[in-house]
>>> print(open('upload.txt').read())   # compact mmCIF, C-alpha atoms
# COMPACT_ATOMS: atom_id res chain seq x y z
CA MET A 3 86.14 71.25 114.53
CA LYS A 4 89.15 69.59 112.97
CA ILE A 5 90.10 70.20 109.33
CA LYS A 6 89.47 67.02 107.35
CA SER A 7 90.05 68.11 103.75
CA VAL A 8 90.99 71.06 101.54
CA ARG A 9 89.93 70.92 97.91
CA THR A 10 89.66 73.30 94.98
CA ALA A 11 87.38 73.71 91.97
CA LEU A 12 86.52 76.28 89.33
CA LEU A 13 83.63 78.72 89.57
CA LYS A 14 82.51 79.97 86.16
CA ALA A 15 79.89 82.54 85.23
CA PRO A 16 79.28 84.86 82.26
CA LEU A 17 79.47 88.63 82.62
CA LYS A 18 76.67 90.93 81.51
CA THR A 19 79.15 92.86 79.37
CA PRO A 20 82.93 92.60 78.88
CA PHE A 21 85.02 94.10 81.68
CA VAL A 22 87.57 96.42 80.06
CA THR A 23 90.37 98.43 81.67
CA SER A 24 93.68 99.80 80.43
CA LEU A 25 95.28 96.51 81.57
CA ARG A 26 92.92 93.81 80.33
CA ARG A 27 89.61 92.63 78.91
CA VAL A 28 87.59 89.85 80.58
CA ASP A 29 84.45 88.24 79.15
CA ARG A 30 83.60 85.76 81.88
CA LEU A 31 84.38 85.04 85.49
CA GLU A 32 86.59 82.03 86.12
CA ASP A 33 87.70 81.87 89.75
CA LEU A 34 89.24 79.29 92.01
CA VAL A 35 87.06 78.13 94.91
CA VAL A 36 88.55 76.61 98.06
CA ILE A 37 86.37 74.26 100.08
CA ILE A 38 87.55 73.30 103.56
CA GLU A 39 85.62 70.55 105.33
CA CYS A 40 85.81 69.71 109.01
CA ASP A 41 85.15 66.46 110.83
CA ASP A 42 81.82 67.73 112.21
CA GLY A 43 80.47 68.35 108.69
CA SER A 44 81.09 72.11 108.67
CA VAL A 45 82.18 73.59 105.35
CA GLY A 46 84.05 76.84 104.76
CA TYR A 47 84.25 78.53 101.37
CA GLY A 48 86.96 80.75 99.94
CA GLU A 49 87.55 82.21 96.50
CA GLY A 50 90.27 83.88 94.48
CA ALA A 51 90.29 85.50 91.05
CA PRO A 52 93.39 84.96 88.89
CA THR A 53 94.65 88.39 87.85
CA PRO A 54 98.07 87.89 86.24
CA VAL A 55 98.58 91.55 85.29
CA ILE A 56 98.12 92.66 88.91
CA THR A 57 98.98 89.84 91.32
CA GLY A 58 100.94 87.66 88.90
CA GLU A 59 98.76 84.66 89.71
CA THR A 60 96.97 82.17 87.46
CA ILE A 61 94.63 79.32 88.31
CA GLY A 62 97.59 76.95 88.02
CA SER A 63 99.85 78.91 90.34
CA MET A 64 97.06 79.33 92.89
CA VAL A 65 96.35 75.60 92.93
CA ALA A 66 100.06 74.87 93.38
CA ALA A 67 100.34 77.31 96.30
CA ILE A 68 97.27 75.87 98.01
CA GLU A 69 98.57 72.31 97.55
CA LEU A 70 101.85 73.37 99.18
CA ILE A 71 100.08 74.91 102.20
CA THR A 72 97.37 72.26 102.67
CA PRO A 73 99.46 69.66 104.57
CA PHE A 74 100.09 72.24 107.30
CA LEU A 75 96.33 72.72 107.79
CA LEU A 76 95.03 69.16 107.75
CA GLY A 77 94.19 67.68 111.12
CA ARG A 78 94.33 71.02 112.94
CA GLU A 79 91.52 72.44 115.04
CA ILE A 80 89.76 75.58 113.83
CA ASP A 81 90.14 76.96 117.35
CA ASP A 82 93.90 76.91 116.75
CA PHE A 83 93.15 79.83 114.46
CA ASP A 84 96.27 81.98 114.83
CA ALA A 85 98.44 78.98 113.99
CA LEU A 86 96.31 78.24 110.92
CA ILE A 87 96.72 81.80 109.65
CA HIS A 88 100.44 81.60 110.34
CA HIS A 89 100.69 78.46 108.22
CA VAL A 90 98.80 80.09 105.35
CA HIS A 91 101.44 82.82 105.19
CA GLY A 92 104.54 81.13 106.51
CA HIS A 93 105.42 78.58 103.83
CA ILE A 94 105.41 80.61 100.63
CA ILE A 95 105.95 84.28 99.82
CA LYS A 96 103.61 86.39 97.68
CA ASN A 97 100.82 84.27 96.09
CA THR A 98 98.40 86.64 97.81
CA THR A 99 95.22 85.57 96.02
CA ALA A 100 95.77 81.90 96.85
CA LYS A 101 96.38 82.82 100.49
CA SER A 102 93.29 85.01 100.50
CA ALA A 103 91.10 82.15 99.24
CA LEU A 104 92.38 79.91 102.03
CA GLU A 105 91.96 82.62 104.66
CA ILE A 106 88.39 83.38 103.62
CA ALA A 107 87.42 79.72 104.03
CA LEU A 108 89.15 79.56 107.43
CA TYR A 109 87.44 82.74 108.67
CA ASP A 110 84.11 81.34 107.44
CA LEU A 111 84.66 78.23 109.57
CA LYS A 112 85.89 80.19 112.59
CA ALA A 113 82.76 82.37 112.57
CA GLN A 114 80.58 79.28 112.17
CA SER A 115 82.28 77.70 115.17
CA SER A 116 81.44 80.88 117.13
CA SER A 117 77.80 80.79 115.86
CA LEU A 118 78.22 84.37 114.64
CA PRO A 119 78.16 86.12 111.28
CA LEU A 120 81.75 86.93 110.40
CA TYR A 121 81.31 90.69 110.66
CA ARG A 122 80.08 90.36 114.25
CA MET A 123 82.90 87.99 115.14
CA LEU A 124 85.27 90.68 113.85
CA GLY A 125 83.60 93.35 115.99
CA GLY A 126 81.41 94.97 113.35
CA SER A 127 77.76 95.98 113.63
CA LYS A 128 76.89 97.72 110.37
CA ASN A 129 75.14 95.36 107.97
CA THR A 130 73.91 97.53 105.08
CA PHE A 131 76.23 99.09 102.50
CA GLU A 132 76.25 100.96 99.21
CA THR A 133 78.76 100.12 96.49
CA ASP A 134 79.66 101.88 93.28
CA ILE A 135 79.61 100.13 89.90
CA THR A 136 82.34 100.05 87.27
CA ILE A 137 81.85 101.65 83.87
CA SER A 138 84.22 99.77 81.58
CA MET A 139 86.51 101.65 79.23
CA GLY A 140 85.30 102.07 75.66
CA GLU A 141 83.96 104.62 73.23
CA THR A 142 82.54 107.69 74.92
CA GLU A 143 78.92 107.25 73.81
CA ARG A 144 78.82 103.68 75.05
CA MET A 145 80.31 104.71 78.38
CA ILE A 146 77.71 107.45 78.73
CA GLY A 147 74.97 104.92 77.97
CA ASP A 148 76.35 102.48 80.55
CA ALA A 149 76.57 105.27 83.13
CA LEU A 150 72.96 106.33 82.56
CA LYS A 151 71.79 102.72 82.85
CA ALA A 152 73.65 102.37 86.14
CA VAL A 153 72.06 105.52 87.54
CA ALA A 154 68.63 104.24 86.47
CA LEU A 155 69.33 101.10 88.53
CA GLY A 156 69.93 103.26 91.59
CA TYR A 157 73.71 103.65 91.70
CA THR A 158 74.87 107.01 93.02
CA ALA A 159 78.62 106.39 92.60
CA LEU A 160 80.24 105.33 89.33
CA LYS A 161 83.81 104.15 88.87
CA ILE A 162 84.96 105.23 85.41
CA LYS A 163 87.69 103.12 83.80
CA ILE A 164 90.13 105.19 81.76
CA GLY A 165 93.86 105.18 81.05
CA ASP A 166 94.46 104.22 77.42
CA ASP A 167 94.77 107.75 75.98
CA PRO A 168 94.94 110.91 78.13
CA LYS A 169 93.38 113.17 75.47
CA LYS A 170 90.54 110.74 74.91
CA ASP A 171 90.19 110.32 78.68
CA VAL A 172 89.59 114.05 79.20
CA LYS A 173 86.80 113.98 76.62
CA ARG A 174 85.26 110.88 78.19
CA ILE A 175 85.26 112.32 81.69
CA LEU A 176 83.81 115.68 80.67
CA ALA A 177 81.13 114.03 78.51
CA ILE A 178 80.08 111.58 81.21
CA HIS A 179 80.03 114.31 83.85
CA SER A 180 77.90 116.50 81.59
CA ALA A 181 75.38 113.70 80.97
CA LEU A 182 74.79 112.95 84.65
CA ASP A 183 72.99 114.74 87.46
CA LYS A 184 75.35 116.58 89.76
CA ASN A 185 74.50 114.34 92.72
CA ILE A 186 76.25 111.38 91.05
CA THR A 187 79.72 110.73 92.45
CA LEU A 188 82.45 110.03 89.89
CA ARG A 189 85.43 107.89 90.78
CA LEU A 190 88.21 107.70 88.19
CA ASP A 191 90.47 104.68 87.73
CA ALA A 192 93.36 104.81 85.24
CA ASN A 193 94.83 101.40 86.19
CA GLN A 194 98.45 102.64 85.84
CA GLY A 195 97.76 104.02 82.37
CA TRP A 196 99.43 107.44 82.61
CA THR A 197 102.73 109.05 83.53
CA ALA A 198 102.88 111.48 86.43
CA GLY A 199 103.07 114.43 84.03
CA GLN A 200 100.10 113.22 82.02
CA SER A 201 98.14 112.70 85.22
CA VAL A 202 98.67 116.26 86.39
CA ALA A 203 97.82 117.73 82.98
CA LEU A 204 94.65 115.66 82.67
CA LEU A 205 93.40 116.31 86.18
CA GLU A 206 94.10 120.03 85.92
CA ALA A 207 92.16 120.08 82.65
CA ILE A 208 89.03 118.53 84.13
CA GLU A 209 89.31 120.52 87.36
CA LYS A 210 89.33 123.76 85.32
CA GLN A 211 86.04 122.57 83.81
CA GLY A 212 84.52 122.21 87.27
CA VAL A 213 84.82 118.42 87.44
CA MET A 214 85.99 117.23 90.85
CA ALA A 215 86.05 113.45 91.07
CA GLN A 216 85.94 111.80 94.47
CA PHE A 217 89.38 110.41 93.65
CA ILE A 218 91.76 109.35 90.90
CA GLU A 219 92.86 105.75 91.42
CA GLN A 220 96.35 104.52 90.60
CA PRO A 221 97.10 106.76 87.60
CA VAL A 222 100.77 105.71 87.37
CA ALA A 223 102.73 102.45 87.47
CA ALA A 224 102.58 100.53 90.74
CA ASP A 225 106.26 101.13 91.51
CA ASP A 226 106.20 104.84 90.66
CA ILE A 227 105.97 106.04 94.25
CA GLU A 228 107.61 109.39 93.50
CA GLY A 229 105.10 109.83 90.70
CA LEU A 230 102.21 109.46 93.14
CA LYS A 231 103.69 112.09 95.43
CA TYR A 232 104.31 114.39 92.44
CA ILE A 233 100.65 114.16 91.46
CA LYS A 234 99.31 114.65 94.99
CA GLU A 235 101.32 117.84 95.43
CA ARG A 236 99.94 119.41 92.23
CA VAL A 237 96.23 118.61 91.89
CA GLN A 238 93.08 119.04 93.97
CA THR A 239 91.59 115.66 93.10
CA PRO A 240 92.31 113.16 95.91
CA LEU A 241 94.66 110.29 95.07
CA LEU A 242 93.87 106.64 95.84
CA ALA A 243 96.58 103.98 95.76
CA ASP A 244 95.63 100.53 94.53
CA GLU A 245 98.29 98.42 92.81
CA SER A 246 100.99 100.29 94.75
CA VAL A 247 99.70 98.79 98.02
CA PHE A 248 99.84 95.05 98.61
CA SER A 249 101.49 94.87 102.02
CA LEU A 250 101.68 96.87 105.22
CA LYS A 251 105.23 97.80 104.22
CA ASP A 252 103.96 99.24 100.92
CA ALA A 253 101.28 101.24 102.69
CA ARG A 254 103.55 102.54 105.45
CA ARG A 255 106.03 103.89 102.89
CA LEU A 256 103.32 105.80 101.02
CA LEU A 257 101.67 107.05 104.20
CA GLU A 258 104.95 108.26 105.68
CA MET A 259 105.73 110.09 102.42
CA GLU A 260 102.23 111.63 102.45
CA ALA A 261 102.04 110.52 98.83
CA ILE A 262 98.36 109.50 98.80
CA ASP A 263 94.98 110.49 100.18
CA TYR A 264 93.27 107.07 100.31
CA VAL A 265 94.20 103.38 100.34
CA ASN A 266 92.38 100.72 98.32
CA ILE A 267 92.24 97.47 100.30
CA LYS A 268 91.72 94.25 98.36
CA LEU A 269 91.84 90.82 99.95
CA ALA A 270 93.55 89.40 96.87
CA LYS A 271 96.42 91.85 97.37
CA THR A 272 96.81 91.65 101.14
CA GLY A 273 96.68 87.86 101.23
CA GLY A 274 93.32 87.76 102.93
CA ILE A 275 91.25 89.08 105.80
CA SER A 276 93.91 89.18 108.53
CA GLN A 277 96.20 91.60 106.72
CA ALA A 278 93.26 93.60 105.32
CA LEU A 279 92.19 94.33 108.89
CA ALA A 280 95.77 95.26 109.79
CA LEU A 281 96.01 97.55 106.76
CA ALA A 282 92.86 99.37 107.82
CA ASP A 283 94.31 99.81 111.31
CA LEU A 284 97.59 101.15 109.88
CA SER A 285 95.74 103.64 107.67
CA LYS A 286 93.77 104.81 110.70
CA GLU A 287 97.04 105.56 112.52
CA TYR A 288 97.88 108.03 109.74
CA GLY A 289 94.37 109.49 109.53
CA VAL A 290 93.85 108.11 106.02
CA LYS A 291 90.49 106.63 105.00
CA CYS A 292 90.18 103.48 102.91
CA MET A 293 88.10 101.97 100.17
CA ILE A 294 87.61 98.23 99.96
CA GLY A 295 87.66 96.90 96.44
CA CYS A 296 87.66 93.59 94.62
CA MET A 297 89.09 91.88 91.60
CA LEU A 298 86.64 90.35 89.13
CA GLU A 299 85.35 88.03 91.83
CA GLY A 300 82.22 86.08 92.67
CA PRO A 301 79.97 86.28 95.74
CA ILE A 302 82.30 84.40 98.10
CA SER A 303 85.22 86.84 97.89
CA VAL A 304 83.01 89.90 97.58
CA THR A 305 80.98 88.87 100.63
CA ALA A 306 84.18 88.47 102.62
CA GLY A 307 85.09 92.03 101.64
CA VAL A 308 81.75 93.33 102.91
CA HIS A 309 82.30 91.64 106.27
CA VAL A 310 85.69 93.36 106.51
CA ALA A 311 84.06 96.70 105.65
CA SER A 312 81.69 96.24 108.57
CA ALA A 313 84.50 95.33 110.96
CA LYS A 314 86.38 98.53 110.05
CA ALA A 315 83.46 100.80 109.15
CA ASP A 316 85.11 103.80 110.83
CA ILE A 317 88.04 103.73 108.40
CA ILE A 318 86.66 101.88 105.34
CA THR A 319 84.25 104.54 104.13
CA MET A 320 83.95 103.60 100.44
CA LEU A 321 83.02 100.33 98.76
CA ASP A 322 83.96 99.19 95.27
CA LEU A 323 82.43 95.73 95.59
CA ASP A 324 80.41 95.59 92.40
CA ALA A 325 81.67 92.33 90.89
CA VAL A 326 78.54 90.35 91.80
CA SER A 327 76.41 92.92 89.97
CA LEU A 328 78.52 92.44 86.84
CA LEU A 329 77.57 88.75 86.58
CA ALA A 330 74.88 87.63 84.15
CA SER A 331 74.03 84.71 86.46
CA HIS A 332 74.75 83.98 90.10
CA PRO A 333 76.26 80.53 90.66
CA VAL A 334 76.57 80.93 94.44
CA GLU A 335 73.63 80.73 96.84
CA THR A 336 73.96 83.21 99.68
CA SER A 337 71.84 84.69 102.44
CA VAL A 338 73.52 88.04 101.78
CA ILE A 339 71.32 90.38 99.73
CA TYR A 340 72.86 91.80 96.56
CA ASP A 341 70.45 94.36 95.15
CA GLU A 342 72.52 96.30 92.60
CA GLY A 343 74.26 99.02 94.64
CA ARG A 344 72.80 97.85 97.97
CA ILE A 345 74.38 94.98 99.90
CA VAL A 346 72.89 93.63 103.14
CA LEU A 347 74.74 91.12 105.30
CA SER A 348 72.70 88.39 106.97
CA ASP A 349 72.92 87.14 110.54
CA ASP A 350 73.73 83.59 109.42
CA ALA A 351 76.86 82.22 111.04
CA GLY A 352 80.00 82.58 108.94
CA LEU A 353 80.04 84.33 105.57
CA GLY A 354 76.44 83.56 104.71
CA ILE A 355 77.33 81.23 101.81
CA LEU A 356 74.63 78.56 101.51
CA GLY A 357 76.08 76.55 98.64
CA ILE A 358 77.32 76.60 95.07
CA LYS A 359 75.05 75.59 92.22
CA ALA A 360 77.76 74.27 89.95
CA LEU A 361 81.52 73.85 90.16
CA SER A 362 83.83 72.68 87.40
CA PRO A 363 86.65 70.26 88.14
CA LEU A 364 90.21 71.41 87.57
>>> encode(input="upload.txt", output="structure tokens")
Amino acid sequence: MKIKSVRTALLKAPLKTPFVTSLRRVDRLEDLVVIIECDDGSVGYGEGAPTPVITGETIGSMVAAIELITPFLLGREIDDFDALIHHVHGHIIKNTTAKSALEIALYDLKAQSSSLPLYRMLGGSKNTFETDITISMGETERMIGDALKAVALGYTALKIKIGDDPKKDVKRILAIHSALDKNITLRLDANQGWTAGQSVALLEAIEKQGVMAQFIEQPVAADDIEGLKYIKERVQTPLLADESVFSLKDARRLLEMEAIDYVNIKLAKTGGISQALALADLSKEYGVKCMIGCMLEGPISVTAGVHVASAKADIITMLDLDAVSLLASHPVETSVIYDEGRIVLSDDAGLGILGIKALSPL
């Protein structure tokens, strides 16, 4: 299997409701799809979501990065896999979402060439998973309504977006907690919206009311490493690092400082599957469990994340891979089952992507 072409296109789909965090509001998915074709007719799919406020990337910058890397991939055999991955990362720094899209397509092809589903090629065996769903930030009553709807659909873990106003956030959390059965797991995500002092005050306030979230995710700015450690030393609620961890170097610093309880792995931050697997292994060395999350992505990227979760099921114990469930329509055909909070990987070779109903030209 020799790489014949690498091309890109846009994948567009409406969301059921706007996706709102302390950093941004998004009304529709618009992702970059990478399609790698080989001389035997095999096709590998990758995907990346532009998230300027987190990764610094736009559709334009992703296309430019992929165009720069493509000449180093053309004409190479898929079996020369380590060299392909080296070329993805070796010719441009950062640009992690663009690299991830390329890597996903390459891993798809590599698993197809092995006649295995990707998760089995990576050494995984688990094929059924449960994910949480995001409750977007807004007025308290609407958030309560969205939470109750999610529970009615079968979700048992809810990720509550907060971070615009600590006083308002306390009221939101307490109100949502009060409206739900006690068997529902709450995950809190402030998306860098607070200071370290505000974080401690807020978490102490809800803990005194008997609310113990499964974790608080990235309450302070990504570069506020001392702030993370300050919070961890003062509250009971476990602390999950997201935007603070892109690379193995980032993670090792936090793990050595004992500044966090969990690591959030996202392919768009690590630069793809290879470094996501390495990040899980590093976290395991320190005895720290991981969650695998996603940007506002479609089924290609999310499915790749599920395969990684299977490969590292001993250390990736939480899934925040709800983006497919947020879509009003599904533009990608897949043999993977997405049934609200339940995701089931298929035994089809590769990712399990069967095709894309409609792509828009760049």
>>> closest_residue(input="upload.txt", among="A:Val346, A:Met259, A:Ile267, A:Val222", to="Val247 in chain A", atoms="all atoms listed in the file")
A:Ile267
>>> residues_around(input="upload.txt", residues="Ser348 in chain A", least_positions_apart="5", cutoff="10 Å", atoms="all atoms listed in the file", output="list in words")
Pro119, Leu120, Tyr121, Asn129, Thr130, Thr336, Ser337, Val338, Ile339, Leu353, Gly354 and Ile355 of chain A
>>> closest_atom_pairs(input="upload.txt", of="range 250-315 of chain A", to="range 8-27 of chain A", cutoff="10 Å", atoms="only C-alpha atoms", output="CSV")
residue,atom,partner,partner_atom,distance
A:Leu298,CA,A:Phe21,CA,8.5
A:Glu299,CA,A:Leu13,CA,9.7
A:Gly300,CA,A:Leu13,CA,8.1
>>> residues_near_point(input="upload.txt", point="(87.1, 91.7, 95.9)", cutoff="7 Å", atoms="all atoms listed in the file", output="ChimeraX atom specification")
/A:268-270,295-299,303-304,307,323
>>> residues_around(input="upload.txt", residues="range 93-97 of chain A", least_positions_apart="2", cutoff="10 Å", atoms="all atoms listed in the file", output="PDB file with C-alpha atoms, keeping the file's coordinate frame")
ATOM      1  CA  THR A  57      98.980  89.840  91.320  1.00  0.00           C
ATOM      2  CA  GLY A  58     100.940  87.660  88.900  1.00  0.00           C
ATOM      3  CA  GLU A  59      98.760  84.660  89.710  1.00  0.00           C
ATOM      4  CA  THR A  60      96.970  82.170  87.460  1.00  0.00           C
ATOM      5  CA  SER A  63      99.850  78.910  90.340  1.00  0.00           C
ATOM      6  CA  MET A  64      97.060  79.330  92.890  1.00  0.00           C
ATOM      7  CA  ALA A  66     100.060  74.870  93.380  1.00  0.00           C
ATOM      8  CA  ALA A  67     100.340  77.310  96.300  1.00  0.00           C
ATOM      9  CA  ILE A  68      97.270  75.870  98.010  1.00  0.00           C
ATOM     10  CA  LEU A  70     101.850  73.370  99.180  1.00  0.00           C
ATOM     11  CA  ILE A  71     100.080  74.910 102.200  1.00  0.00           C
ATOM     12  CA  PHE A  74     100.090  72.240 107.300  1.00  0.00           C
ATOM     13  CA  HIS A  88     100.440  81.600 110.340  1.00  0.00           C
ATOM     14  CA  HIS A  89     100.690  78.460 108.220  1.00  0.00           C
ATOM     15  CA  VAL A  90      98.800  80.090 105.350  1.00  0.00           C
ATOM     16  CA  HIS A  91     101.440  82.820 105.190  1.00  0.00           C
ATOM     17  CA  THR A  99      95.220  85.570  96.020  1.00  0.00           C
ATOM     18  CA  ALA A 100      95.770  81.900  96.850  1.00  0.00           C
ATOM     19  CA  LYS A 101      96.380  82.820 100.490  1.00  0.00           C
ATOM     20  CA  SER A 102      93.290  85.010 100.500  1.00  0.00           C
ATOM     21  CA  PHE A 248      99.840  95.050  98.610  1.00  0.00           C
ATOM     22  CA  SER A 249     101.490  94.870 102.020  1.00  0.00           C
ATOM     23  CA  ALA A 270      93.550  89.400  96.870  1.00  0.00           C
ATOM     24  CA  LYS A 271      96.420  91.850  97.370  1.00  0.00           C
ATOM     25  CA  THR A 272      96.810  91.650 101.140  1.00  0.00           C
ATOM     26  CA  GLY A 273      96.680  87.860 101.230  1.00  0.00           C
TER      27      GLY A 273
END
>>> closest_residue(input="upload.txt", among="A:Tyr232, A:Val237, A:Asp341, A:Gly352", to="Glu209 in chain A", atoms="only C-alpha atoms")
A:Val237
>>> residues_around(input="upload.txt", residues="Leu281 in chain A", least_positions_apart="3", cutoff="12 Å", atoms="only C-alpha atoms", output="PDB file with C-alpha atoms, keeping the file's coordinate frame")
ATOM      1  CA  VAL A 247      99.700  98.790  98.020  1.00  0.00           C
ATOM      2  CA  PHE A 248      99.840  95.050  98.610  1.00  0.00           C
ATOM      3  CA  SER A 249     101.490  94.870 102.020  1.00  0.00           C
ATOM      4  CA  LEU A 250     101.680  96.870 105.220  1.00  0.00           C
ATOM      5  CA  LYS A 251     105.230  97.800 104.220  1.00  0.00           C
ATOM      6  CA  ASP A 252     103.960  99.240 100.920  1.00  0.00           C
ATOM      7  CA  ALA A 253     101.280 101.240 102.690  1.00  0.00           C
ATOM      8  CA  ARG A 254     103.550 102.540 105.450  1.00  0.00           C
ATOM      9  CA  LEU A 257     101.670 107.050 104.200  1.00  0.00           C
ATOM     10  CA  TYR A 264      93.270 107.070 100.310  1.00  0.00           C
ATOM     11  CA  VAL A 265      94.200 103.380 100.340  1.00  0.00           C
ATOM     12  CA  ASN A 266      92.380 100.720  98.320  1.00  0.00           C
ATOM     13  CA  ILE A 267      92.240  97.470 100.300  1.00  0.00           C
ATOM     14  CA  LYS A 268      91.720  94.250  98.360  1.00  0.00           C
ATOM     15  CA  LEU A 269      91.840  90.820  99.950  1.00  0.00           C
ATOM     16  CA  LYS A 271      96.420  91.850  97.370  1.00  0.00           C
ATOM     17  CA  THR A 272      96.810  91.650 101.140  1.00  0.00           C
ATOM     18  CA  GLY A 273      96.680  87.860 101.230  1.00  0.00           C
ATOM     19  CA  GLY A 274      93.320  87.760 102.930  1.00  0.00           C
ATOM     20  CA  ILE A 275      91.250  89.080 105.800  1.00  0.00           C
ATOM     21  CA  SER A 276      93.910  89.180 108.530  1.00  0.00           C
ATOM     22  CA  GLN A 277      96.200  91.600 106.720  1.00  0.00           C
ATOM     23  CA  ALA A 278      93.260  93.600 105.320  1.00  0.00           C
ATOM     24  CA  LEU A 284      97.590 101.150 109.880  1.00  0.00           C
ATOM     25  CA  SER A 285      95.740 103.640 107.670  1.00  0.00           C
ATOM     26  CA  LYS A 286      93.770 104.810 110.700  1.00  0.00           C
ATOM     27  CA  GLU A 287      97.040 105.560 112.520  1.00  0.00           C
ATOM     28  CA  TYR A 288      97.880 108.030 109.740  1.00  0.00           C
ATOM     29  CA  VAL A 290      93.850 108.110 106.020  1.00  0.00           C
ATOM     30  CA  LYS A 291      90.490 106.630 105.000  1.00  0.00           C
ATOM     31  CA  CYS A 292      90.180 103.480 102.910  1.00  0.00           C
ATOM     32  CA  MET A 293      88.100 101.970 100.170  1.00  0.00           C
ATOM     33  CA  ILE A 294      87.610  98.230  99.960  1.00  0.00           C
ATOM     34  CA  VAL A 310      85.690  93.360 106.510  1.00  0.00           C
ATOM     35  CA  LYS A 314      86.380  98.530 110.050  1.00  0.00           C
ATOM     36  CA  ILE A 317      88.040 103.730 108.400  1.00  0.00           C
ATOM     37  CA  ILE A 318      86.660 101.880 105.340  1.00  0.00           C
TER      38      ILE A 318
END
>>> residues_around(input="upload.txt", residues="Gln220 in chain A", least_positions_apart="2", cutoff="10 Å", atoms="all atoms listed in the file", output="ChimeraX atom specification")
/A:165,190-196,201,217-218,222-224,226,230,241-247,262,266
>>> atom_distance(input="upload.txt", atom1="CA of Asp42 in chain A", atom2="CA of Asp81 in chain A")
13.4 Å
>>> atom_distance(input="upload.txt", atom1="CA of Tyr109 in chain A", atom2="CA of Lys161 in chain A")
29.4 Å
>>> closest_residue(input="upload.txt", among="A:Val334, A:Val28, A:Ile80, A:Ile358", to="Ser116 in chain A", atoms="only C-alpha atoms")
A:Ile80
>>> residues_around(input="upload.txt", residues="Tyr157 in chain A", least_positions_apart="2", cutoff="7 Å", atoms="only C-alpha atoms", output="number ranges by chain")
A: 134, 152-153, 155, 159, 343
>>> closest_residue(input="upload.txt", among="A:Ile106, A:Ile137, A:Leu361, A:Ala207", to="Lys169 in chain A", atoms="only C-alpha atoms")
A:Ala207
>>> closest_residue(input="upload.txt", among="A:Leu108, A:Ala103, A:Ile87, A:Val172", to="Val45 in chain A", atoms="only C-alpha atoms")
A:Leu108
>>> axis_aligned_box(input="upload.txt", around="range 349-352 of chain A", padding_each_side="5 Å", output="lines of an AutoDock Vina configuration file")
center_x = 76.5
center_y = 84.7
center_z = 110.0
size_x = 17.1
size_y = 14.9
size_z = 12.1
>>> atom_distance(input="upload.txt", atom1="CA of Ala351 in chain A", atom2="CA of Leu118 in chain A")
4.4 Å
>>> residues_near_point(input="upload.txt", point="(88.2, 119.4, 83.8)", cutoff="12 Å", atoms="only C-alpha atoms", output="ChimeraX atom specification")
/A:169,171-180,202-215,237-239
>>> closest_residue(input="upload.txt", among="A:Arg30, A:Glu49, A:Ala330, A:Leu356", to="Ala306 in chain A", atoms="all atoms listed in the file")
A:Glu49
